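What follows is a single structure, written as structure tokens, with notes after it.
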Amino acid sequence: MALLSFLFPPKPKTATAAKERLQIIIARERNGRSGPDFLPALHKELIEVISKYTKVNADDIKISLDRQGNLEVLDVNVVLPDA
């Protein structure tokens, strides 16, 4: 059985190959951008989602993106009202 898999290796699945390519493209775009332009849209979406479950003020949701070396840290702070 090992001999057959050596002679005829399994072909990589196209979904896996596409996922790897997409990860490479996303990594390149992140390095090429000068600033995070997705934060305003993310803030708006968070307000909409949280508002479905509880009444929250838009000023009570804080989002920040920090760079630490080659890592990016997304910090989301939500102050919920008292019950």
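To be explicit about the labels: the chains of the structure tokens are called A, B, and onward in the order shown, and within each one the residues are counted from 1, while ligands get numbers from 1 in the order they are shown.
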If you run DSSP over the backbone, which residues in chain A end up strand (DSSP E or B)? Put them as a list in words. Ile61, Lys62, Ile63, Ser64, Leu65, Asp66, Arg67, Gln68, Leu71, Glu72, Val73, Leu74, Asp75, Val76, Asn77 and Val78 of chain A
Polymer residues at most 10 Å from A:Ile47, only C-alpha atoms, same-chain spacing of 6 or more positions, as number ranges by chain: A: 55-61, 78
Write out as a PDB file with C-alpha atoms, in the first residue's frame which residues come within 8 Å of A:Leu74 when counting only C-alpha atoms, dropping same-chain ones fewer than 3 positions away.
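Contents of out_19.pdb, as written:
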```
ATOM      1  CA  ILE A  63     -11.912  49.253  18.658  1.00  0.00           C
ATOM      2  CA  SER A  64      -8.169  49.606  18.244  1.00  0.00           C
ATOM      3  CA  LEU A  65      -5.548  47.909  16.112  1.00  0.00           C
ATOM      4  CA  ASP A  66      -2.013  47.698  17.470  1.00  0.00           C
TER       5      ASP A  66
END
```
Mind pulling up the distance from atom CA of A:Asp75 to atom CA of A:Glu45? 15.2 Å
